[in-house]
Amino acid sequence: MSKHIIRTDAAPAAIGTYSQAVKVGNTVYLSGQIGLDPATMQMAAGTEAQVHRVFQNLKAVAEAAGGSLADVVKLNVFLTDLSHFAKVNQIMAEYFSEPYPARAAVGVAALPRDADVEADGVMVLD
């Protein structure tokens, strides 16, 4: 199977040696997104705004790949402060609906650009 690189201006440009997403067959691997505004490449101010921006960025990449957040089957969330876990759940419910994807939430020491949150995922298209 060949791989197809997904790229959209509606999400931040890669800030390293990776693609926004890679599609292989009907599976799309969504790279980690932090709270960067795609137009300015500036970090959203505050954890809540960053969480919204992370899900907006993932949504943009999912759509560029021909899907939506409803097609995400696995989500990984990385937090520099696990006390924000409840807020992530609350905001996530604005972007995802049941049945929710499988998910892991992990506390980490630091993220790129001093982000508070990062999320990546796997999407399967029909």
# chains A, B, ... in the order shown; residues from 1 in each chain; ligands from 1
call {"tool": "residues_around", "arguments": {"residues": "segment 6-13 of chain A", "least_positions_apart": "4", "cutoff": "7 Å", "atoms": "only C-alpha atoms", "output": "list in words"}}
result
Gln20, Ala21, Val22, Leu36, Asp37, Pro38, Met41, Asn57, Ala60, Val61, Ala64 and Ala65 of chain A
call {"tool": "select_by_dssp", "arguments": {"residues": "segment 19-126 of chain A", "states": "helix (DSSP H, G or I)", "output": "count of residues only"}}
result
38
call {"tool": "closest_residue", "arguments": {"among": "A:Leu30, A:Ala86, A:Leu79, A:Met92", "to": "Val106 of chain A", "atoms": "only C-alpha atoms"}}
result
A:Leu79
call {"tool": "residues_around", "arguments": {"residues": "Gly67 of chain A", "least_positions_apart": "3", "cutoff": "10 Å", "atoms": "only C-alpha atoms", "output": "PDB file with N, CA and C atoms, in the first residue's frame"}}
result
ATOM      1  N   VAL A  28      -5.876   6.854   8.692  1.00  0.00           N
ATOM      2  CA  VAL A  28      -5.159   8.132   8.701  1.00  0.00           C
ATOM      3  C   VAL A  28      -4.539   8.321  10.077  1.00  0.00           C
ATOM      4  N   LYS A  59      -9.392  18.676  13.816  1.00  0.00           N
ATOM      5  CA  LYS A  59     -10.560  18.657  12.938  1.00  0.00           C
ATOM      6  C   LYS A  59     -10.177  19.080  11.525  1.00  0.00           C
ATOM      7  N   ALA A  60      -9.374  20.131  11.406  1.00  0.00           N
ATOM      8  CA  ALA A  60      -8.955  20.620  10.090  1.00  0.00           C
ATOM      9  C   ALA A  60      -8.156  19.561   9.334  1.00  0.00           C
ATOM     10  N   VAL A  61      -7.263  18.881  10.018  1.00  0.00           N
ATOM     11  CA  VAL A  61      -6.460  17.847   9.362  1.00  0.00           C
ATOM     12  C   VAL A  61      -7.333  16.650   8.996  1.00  0.00           C
ATOM     13  N   ALA A  62      -8.246  16.276   9.900  1.00  0.00           N
ATOM     14  CA  ALA A  62      -9.165  15.166   9.608  1.00  0.00           C
ATOM     15  C   ALA A  62      -9.987  15.474   8.357  1.00  0.00           C
ATOM     16  N   GLU A  63     -10.479  16.685   8.253  1.00  0.00           N
ATOM     17  CA  GLU A  63     -11.269  17.077   7.093  1.00  0.00           C
ATOM     18  C   GLU A  63     -10.418  17.106   5.827  1.00  0.00           C
ATOM     19  N   ALA A  64      -9.177  17.547   5.929  1.00  0.00           N
ATOM     20  CA  ALA A  64      -8.289  17.549   4.773  1.00  0.00           C
ATOM     21  C   ALA A  64      -8.017  16.133   4.274  1.00  0.00           C
ATOM     22  N   ALA A  70     -15.538  12.466  13.870  1.00  0.00           N
ATOM     23  CA  ALA A  70     -16.361  11.281  14.125  1.00  0.00           C
ATOM     24  C   ALA A  70     -15.678  10.005  13.638  1.00  0.00           C
ATOM     25  N   ASP A  71     -14.696  10.138  12.758  1.00  0.00           N
ATOM     26  CA  ASP A  71     -13.971   8.981  12.230  1.00  0.00           C
ATOM     27  C   ASP A  71     -12.750   8.612  13.065  1.00  0.00           C
ATOM     28  N   VAL A  72     -12.436   9.409  14.090  1.00  0.00           N
ATOM     29  CA  VAL A  72     -11.279   9.129  14.944  1.00  0.00           C
ATOM     30  C   VAL A  72     -11.611   7.929  15.827  1.00  0.00           C
ATOM     31  N   MET A 123      -7.471   7.770  12.617  1.00  0.00           N
ATOM     32  CA  MET A 123      -8.789   7.891  12.027  1.00  0.00           C
ATOM     33  C   MET A 123      -8.958   6.784  10.994  1.00  0.00           C
ATOM     34  N   VAL A 124     -10.130   6.176  10.950  1.00  0.00           N
ATOM     35  CA  VAL A 124     -10.417   5.167   9.941  1.00  0.00           C
ATOM     36  C   VAL A 124     -11.598   5.659   9.108  1.00  0.00           C
ATOM     37  N   LEU A 125     -11.392   5.691   7.792  1.00  0.00           N
ATOM     38  CA  LEU A 125     -12.412   6.169   6.864  1.00  0.00           C
ATOM     39  C   LEU A 125     -13.175   5.006   6.268  1.00  0.00           C
ATOM     40  N   ASP A 126     -14.475   5.196   6.037  1.00  0.00           N
ATOM     41  CA  ASP A 126     -15.288   4.157   5.376  1.00  0.00           C
ATOM     42  C   ASP A 126     -15.003   4.134   3.903  1.00  0.00           C
TER      43      ASP A 126
END
call {"tool": "closest_residue", "arguments": {"among": "A:Ser19, A:Gln90, A:Gln42, A:Gln33", "to": "Asn76 of chain A", "atoms": "only C-alpha atoms"}}
result
A:Gln33
call {"tool": "closest_residue", "arguments": {"among": "A:Gly32, A:Val117, A:Thr27, A:Leu75", "to": "His52 of chain A", "atoms": "only C-alpha atoms"}}
result
A:Val117
call {"tool": "atom_distance", "arguments": {"atom1": "atom CA of Asp114 of chain A", "atom2": "atom CA of Met43 of chain A"}}
result
8.8 Å
call {"tool": "atom_distance", "arguments": {"atom1": "atom CA of Leu69 of chain A", "atom2": "atom CA of Thr40 of chain A"}}
result
23.6 Å
call {"tool": "closest_residue", "arguments": {"among": "A:Leu82, A:Val24, A:Val51, A:Ile34", "to": "Glu118 of chain A", "atoms": "only C-alpha atoms"}}
result
A:Ile34
call {"tool": "select_by_dssp", "arguments": {"residues": "segment 82-121 of chain A", "states": "strand (DSSP E or B)", "output": "VMD selection string"}}
result
chain A and resid 102 to 107 117 to 121
call {"tool": "write_last_selection", "arguments": {"atoms": "N, CA and C atoms", "output": "PDB file, in the first residue's frame"}}
result
ATOM      1  N   ALA A 102     -11.451   5.517  21.455  1.00  0.00           N
ATOM      2  CA  ALA A 102     -10.578   5.052  22.528  1.00  0.00           C
ATOM      3  C   ALA A 102      -9.603   6.198  22.820  1.00  0.00           C
ATOM      4  N   ARG A 103      -9.150   6.310  24.074  1.00  0.00           N
ATOM      5  CA  ARG A 103      -8.303   7.456  24.411  1.00  0.00           C
ATOM      6  C   ARG A 103      -7.332   7.125  25.532  1.00  0.00           C
ATOM      7  N   ALA A 104      -6.191   7.765  25.456  1.00  0.00           N
ATOM      8  CA  ALA A 104      -5.243   7.771  26.563  1.00  0.00           C
ATOM      9  C   ALA A 104      -4.989   9.232  26.922  1.00  0.00           C
ATOM     10  N   ALA A 105      -4.817   9.508  28.195  1.00  0.00           N
ATOM     11  CA  ALA A 105      -4.434  10.836  28.668  1.00  0.00           C
ATOM     12  C   ALA A 105      -3.197  10.647  29.532  1.00  0.00           C
ATOM     13  N   VAL A 106      -2.144  11.353  29.176  1.00  0.00           N
ATOM     14  CA  VAL A 106      -0.849  11.132  29.804  1.00  0.00           C
ATOM     15  C   VAL A 106      -0.294  12.457  30.319  1.00  0.00           C
ATOM     16  N   GLY A 107       0.226  12.444  31.525  1.00  0.00           N
ATOM     17  CA  GLY A 107       0.917  13.608  32.071  1.00  0.00           C
ATOM     18  C   GLY A 107       2.362  13.598  31.598  1.00  0.00           C
ATOM     19  N   VAL A 117      -1.035  21.387  26.290  1.00  0.00           N
ATOM     20  CA  VAL A 117      -1.723  20.174  25.835  1.00  0.00           C
ATOM     21  C   VAL A 117      -1.336  19.866  24.391  1.00  0.00           C
ATOM     22  N   GLU A 118      -1.320  18.585  24.076  1.00  0.00           N
ATOM     23  CA  GLU A 118      -1.109  18.105  22.712  1.00  0.00           C
ATOM     24  C   GLU A 118      -1.988  16.880  22.538  1.00  0.00           C
ATOM     25  N   ALA A 119      -2.468  16.681  21.314  1.00  0.00           N
ATOM     26  CA  ALA A 119      -3.255  15.475  21.035  1.00  0.00           C
ATOM     27  C   ALA A 119      -2.940  14.992  19.633  1.00  0.00           C
ATOM     28  N   ASP A 120      -2.919  13.663  19.478  1.00  0.00           N
ATOM     29  CA  ASP A 120      -2.795  13.041  18.174  1.00  0.00           C
ATOM     30  C   ASP A 120      -3.850  11.963  18.077  1.00  0.00           C
ATOM     31  N   GLY A 121      -3.975  11.346  16.917  1.00  0.00           N
ATOM     32  CA  GLY A 121      -5.007  10.339  16.797  1.00  0.00           C
ATOM     33  C   GLY A 121      -4.868   9.458  15.576  1.00  0.00           C
TER      34      GLY A 121
END
call {"tool": "atom_distance", "arguments": {"atom1": "atom CA of Ser83 of chain A", "atom2": "atom CA of Asp116 of chain A"}}
result
11.2 Å
call {"tool": "closest_residue", "arguments": {"among": "A:Lys87, A:Arg113, A:His4, A:Lys23", "to": "Ala49 of chain A", "atoms": "only C-alpha atoms"}}
result
A:Lys87
